[in-house]
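J.: Here it is, the structure, as structure tokens.
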Amino acid sequence: MHTATHDPPPRPPASDVVVRDEFVLGMPHLGPHALSESQMLKHLGHLRWQAFQRLAGVPTHLVADGEGRRLYATFYHGDIEFPLAAPPHTFCENDRIILVGDLAAYGRNILDGHFALYRADDARAETWGVPDDASRDRFLQAGIPLFRLSNIFIGQETGPEKLKIGQPANADFSKLRGMAEPPGGYERNRQARETGRFFDPPPGTRPAPPVPLQLEHPIDPDRDVNGVGLVYFGNFPAFFDVAERAALTALPNGGLPRPFADRRGTLRRRVGWFGNARSDDRLRMHVACAILPEPVHAESRSLPYGQMWFTLRISRASDERLIAITTADRITPLETDGERDGWRSYAAGLG
């Protein structure tokens with residue numbers, strides 16, 4: 001169900017739309033209670049590479065610099081935003097959806113683009129297209145989930161632990177929309193590196209301030225590494241999940257009740273990737289969390305949601321080199337009056 005609107009599109013139907021992918025959601029796309037963040041990132045990443053190789057005229061596995069060294073367009077920043085009118089819990093098995101995306105380049109080594117997620121029966125998929133910075137809020141207010149992903153071309157010098165920025169010499173950038181300025185993710189990454197977060201917790205969250213927790217997590221060489229030997233960006237949500245659950249379990253009074261933790265889905269996330277790691281390394285994660293005592297209400301459902309906030313910093317255990325920072329608002333459906341009361345009661349005990 002969508003928020004009613006009869007206004008004109010946020011911008012004319014975009015000629016720069018280069019991705020349109022319509023498919024039916026199934027088990028590969030879903031987590032236990034919501035659309036899977038990891039699987040969505042992997043799918044969007046695949047769509048990004050397909051669009052780039054089509055426009056640039058070179059298969060992704062052949063992209064190389066002037067010395068013939070293979071380059072990869074690694075992800076360095078991502079934004080995920082679901083409106084309360086269409087949280088990830090509302091996307092279910094057998095739902096038909098449409099992903100619409102664009103692609104732009106800053107110079108010859110940075111790629112950037114937006115994706116919008118529509119229901120298949122939503123006519124706005126054909127007329128609204130993808131957002132830009134000016135229309136982002138309008139899309140969200142209209143109940144359309146958004147993703148933005150930025151990439152930079154890199155090559156491996158001695159392995160995944162040492163990467164070097166490069167420029168493709170054999171790719172045609174003339175068909176990609178040019179950007180006059182670099183994507184905003186670069187500056188947001190810089191600020192997050194200084195502060196340890198992309199955004200603050202909502203006012204009134206508890207505990208205040210949130211207490212950080214440290215843990216280590218092994219890289220699984222059979223699960224976490226992609227086809228070129230790098231820890232795959234689409235697997236990072238699995239690391240985030242591990243750290244988030246540990247932080248929730250460590251909260252006072254026995255931790256957040258497990259049913260609430262089990263159902264969490266992403267309302268908003270920003271993530272910056274700063275490096276990579278060898279498959280025999282471990283990830284050292286510093287995570288803090290807080291919860292909002294009063295449930296929030298989805299506009300299109302009768303269920304309220306409990307809201308949690310997390311910020312997480314990941315470094316290599318071997319040398320403390322920063323790998324990633326993410327900050328997220330996560331929500332969990334509160335399905336009965338008793339669960340709503342239980343959420344409030346637990347939050348009250350956090351002081």
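Chains: A, B, ... in order of the structure tokens. Residues: from 1 per chain. Ligands: from 1, in order shown.
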Tell me, counting only C-alpha atoms, for each residue of range 123-176 of chain A within 12 Å of range 320-326 of chain A, which pair of atoms is nearest and how far apart they are in Å to one decimal, in rows ordered by chain and increasing number, as CSV.
T.:
```
residue,atom,partner,partner_atom,distance
A:Pro160,CA,A:Ile323,CA,11.3
A:Glu161,CA,A:Arg321,CA,9.1
A:Lys162,CA,A:Arg321,CA,10.5
A:Leu163,CA,A:Ile323,CA,12.0
```
J.: When you look at Val296 in chain A with a cut-off of 10 Å (counting only C-alpha atoms), what residues show up, excluding the ones that are within fewer than 4 positions of it in the same chain? I need them as number ranges by chain.
T.: A: 84, 292, 303-307, 331-334
J.: I need the residues from that last selection saved to file as a compact mmCIF listing (two decimals), in the first residue's frame (with C-alpha atoms), if you can.
T.:
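The result, written out as again32.txt:
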```txt
# COMPACT_ATOMS: atom_id res chain seq x y z
CA LEU A 84 7.89 3.55 7.53
CA LEU A 292 13.88 3.93 21.60
CA LEU A 303 1.57 -2.84 13.77
CA PRO A 304 3.91 -0.55 15.68
CA TYR A 305 7.65 -1.18 15.64
CA GLY A 306 10.33 -1.10 18.26
CA GLN A 307 13.31 0.92 17.07
CA ILE A 331 13.11 -1.91 13.66
CA THR A 332 11.24 -4.95 14.93
CA PRO A 333 7.46 -5.51 14.69
CA LEU A 334 5.57 -5.56 17.98
```
J.: Got a sec: who's within 10 Å of range 170-172 of chain A, counting only C-alpha atoms, leaving out chain neighbours fewer than 4 positions off, as a short mmCIF file (atom, residue, chain, number, x, y, z; two decimals) with N, CA and C atoms, in the first residue's frame?
T.:
```
data_model
loop_
_atom_site.label_atom_id
_atom_site.label_comp_id
_atom_site.auth_asym_id
_atom_site.auth_seq_id
_atom_site.Cartn_x
_atom_site.Cartn_y
_atom_site.Cartn_z
N PHE A 52 27.44 -1.31 -15.82
CA PHE A 52 28.73 -0.71 -16.17
C PHE A 52 29.35 -1.38 -17.39
N GLN A 53 29.36 -2.70 -17.42
CA GLN A 53 30.02 -3.35 -18.55
C GLN A 53 29.25 -3.12 -19.85
N ARG A 54 27.95 -2.97 -19.76
CA ARG A 54 27.17 -2.68 -20.97
C ARG A 54 27.48 -1.28 -21.49
N LEU A 55 27.54 -0.30 -20.58
CA LEU A 55 27.78 1.08 -21.00
C LEU A 55 29.25 1.32 -21.36
N ALA A 56 30.16 0.68 -20.62
CA ALA A 56 31.59 0.92 -20.82
C ALA A 56 32.18 0.07 -21.93
N GLY A 57 31.43 -0.95 -22.38
CA GLY A 57 31.88 -1.76 -23.50
C GLY A 57 33.01 -2.71 -23.19
N VAL A 58 33.14 -3.12 -21.91
CA VAL A 58 34.18 -4.07 -21.55
C VAL A 58 33.66 -4.97 -20.44
N PRO A 59 33.82 -6.28 -20.55
CA PRO A 59 33.40 -7.17 -19.46
C PRO A 59 34.13 -6.81 -18.17
N THR A 60 33.44 -6.95 -17.06
CA THR A 60 34.02 -6.53 -15.79
C THR A 60 35.32 -7.25 -15.49
N LEU A 62 37.65 -7.96 -17.42
CA LEU A 62 38.74 -7.47 -18.25
C LEU A 62 39.11 -6.02 -17.97
N VAL A 63 38.42 -5.35 -17.05
CA VAL A 63 38.73 -3.96 -16.74
C VAL A 63 40.14 -3.88 -16.17
N ALA A 64 41.00 -3.02 -16.77
CA ALA A 64 42.40 -2.96 -16.37
C ALA A 64 42.93 -1.55 -16.52
N ASP A 65 44.03 -1.26 -15.80
CA ASP A 65 44.68 0.04 -15.92
C ASP A 65 45.67 0.01 -17.09
N GLY A 66 46.42 1.11 -17.25
CA GLY A 66 47.32 1.22 -18.38
C GLY A 66 48.45 0.21 -18.38
N GLY A 68 47.94 -2.94 -17.53
CA GLY A 68 47.33 -4.25 -17.67
C GLY A 68 46.93 -4.90 -16.37
N ARG A 108 37.35 9.13 -13.92
CA ARG A 108 37.45 7.78 -14.47
C ARG A 108 37.69 6.72 -13.40
N LEU A 176 28.38 7.11 -19.76
CA LEU A 176 27.99 7.29 -18.37
C LEU A 176 27.78 8.77 -18.10
#
```
J.: Record the distance separating CA of Pro182 in chain A and CA of Ile144 in chain A, expressed in Å with one decimal.
T.: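 Calculated distance between CA of Pro182 in chain A and CA of Ile144 in chain A is 25.2 Å.
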J.: Go through A:Ser345, A:Gln50, A:Asn226, A:Thr311 and flag the residue nearest Leu256 in chain A, using only C-alpha atoms for the distances.
T.: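 Residue with the minimum atom-to-atom distance to Leu256 in chain A: A:Ser345.
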J.: Considering only C-alpha atoms, return as a PyMOL selection string whatever protein or nucleic-acid residues lie within 7 Å of range 19-34 of chain A, sequence-local ones (same chain, fewer than 6 positions apart) excluded.
T.: chain A and resi 40+51+88-89+91-102+263+265
J.: Just checking: using only C-alpha atoms, which residue out of A:Ser135, A:Asn253, A:Gln156, A:Gln39 ends up closest to Gly275 in chain A?
T.: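 Nearest candidate to Gly275 in chain A out of A:Ser135, A:Asn253, A:Gln156, A:Gln39: A:Gln156.
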J.: Using DSSP on the backbone coordinates, identify all residues within range 209-315 of chain A classified as strand (DSSP E or B); present the result as a JSON list (two decimals) with C-alpha atoms, in the first residue's frame.
T.:
```json
[["chain", "number", "residue", "atom", "x", "y", "z"],
["A", 213, "LEU", "CA", 31.17, -3.57, 23.32],
["A", 214, "GLN", "CA", 34.22, -5.20, 21.66],
["A", 215, "LEU", "CA", 34.27, -8.63, 20.05],
["A", 216, "GLU", "CA", 36.24, -10.54, 17.42],
["A", 217, "HIS", "CA", 34.77, -12.51, 14.55],
["A", 218, "PRO", "CA", 36.63, -14.83, 12.16],
["A", 225, "VAL", "CA", 35.26, -14.12, 0.17],
["A", 231, "VAL", "CA", 35.88, -10.05, 1.57],
["A", 265, "GLY", "CA", 15.09, -5.30, 9.87],
["A", 266, "THR", "CA", 16.80, -2.20, 8.51],
["A", 267, "LEU", "CA", 14.97, 1.10, 8.39],
["A", 268, "ARG", "CA", 18.08, 3.15, 7.62],
["A", 269, "ARG", "CA", 21.76, 2.30, 7.27],
["A", 270, "ARG", "CA", 24.87, 4.09, 6.17],
["A", 271, "VAL", "CA", 28.08, 2.15, 5.71],
["A", 272, "GLY", "CA", 31.58, 3.15, 4.69],
["A", 273, "TRP", "CA", 34.14, 0.60, 3.51],
["A", 282, "ARG", "CA", 39.80, -11.82, 12.14],
["A", 283, "LEU", "CA", 37.50, -8.81, 12.38],
["A", 284, "ARG", "CA", 37.68, -6.74, 15.55],
["A", 285, "MET", "CA", 34.34, -5.03, 16.04],
["A", 286, "HIS", "CA", 33.42, -2.17, 18.39],
["A", 287, "VAL", "CA", 29.65, -1.81, 18.59],
["A", 288, "ALA", "CA", 27.25, 0.35, 20.59],
["A", 289, "CYS", "CA", 23.46, 0.16, 20.65],
["A", 290, "ALA", "CA", 20.46, 1.91, 22.16],
["A", 291, "ILE", "CA", 16.71, 1.45, 21.93],
["A", 292, "LEU", "CA", 13.88, 3.93, 21.60],
["A", 293, "PRO", "CA", 11.39, 3.36, 24.45],
["A", 294, "GLU", "CA", 8.25, 4.41, 22.59],
["A", 295, "PRO", "CA", 7.24, 2.29, 19.58],
["A", 296, "VAL", "CA", 7.08, 3.95, 16.17],
["A", 297, "HIS", "CA", 4.09, 3.41, 13.90],
["A", 304, "PRO", "CA", 3.91, -0.55, 15.68],
["A", 305, "TYR", "CA", 7.65, -1.18, 15.64],
["A", 306, "GLY", "CA", 10.33, -1.10, 18.26],
["A", 307, "GLN", "CA", 13.31, 0.92, 17.07],
["A", 308, "MET", "CA", 17.01, 0.22, 17.78],
["A", 309, "TRP", "CA", 20.12, 2.23, 16.91],
["A", 310, "PHE", "CA", 23.58, 0.76, 16.30],
["A", 311, "THR", "CA", 26.97, 2.09, 15.37],
["A", 312, "LEU", "CA", 29.79, -0.30, 14.55],
["A", 313, "ARG", "CA", 33.48, 0.05, 13.71],
["A", 314, "ILE", "CA", 35.33, -2.92, 12.16],
["A", 315, "SER", "CA", 39.10, -3.26, 11.94]]
```
J.: In terms of the shortest atom-to-atom distance over only C-alpha atoms, which of A:Lys175, A:Ser279, A:Gln191, A:Ala73 is closest to Asp222 in chain A?
T.: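 For Asp222 in chain A, the nearest of the candidates is A:Ser279.
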J.: With a distance cut-off of 12 Å and only C-alpha atoms, select the neighbouring residues of Pro183 in chain A, excluding the residue or stretch itself and same-chain residues fewer than 4 positions from it, and output the selection as a VMD selection string.
T.: chain A and resid 76 to 79 103 to 107 109 to 114 132 to 133 148 to 152 178 to 179 187 to 189
J.: Run DSSP on the backbone and grab whatever in range 80-218 of chain A lands in helix (DSSP H, G or I); send it over as a ChimeraX atom specification.
T.: /A:88-90,124-127,136-141,185-195
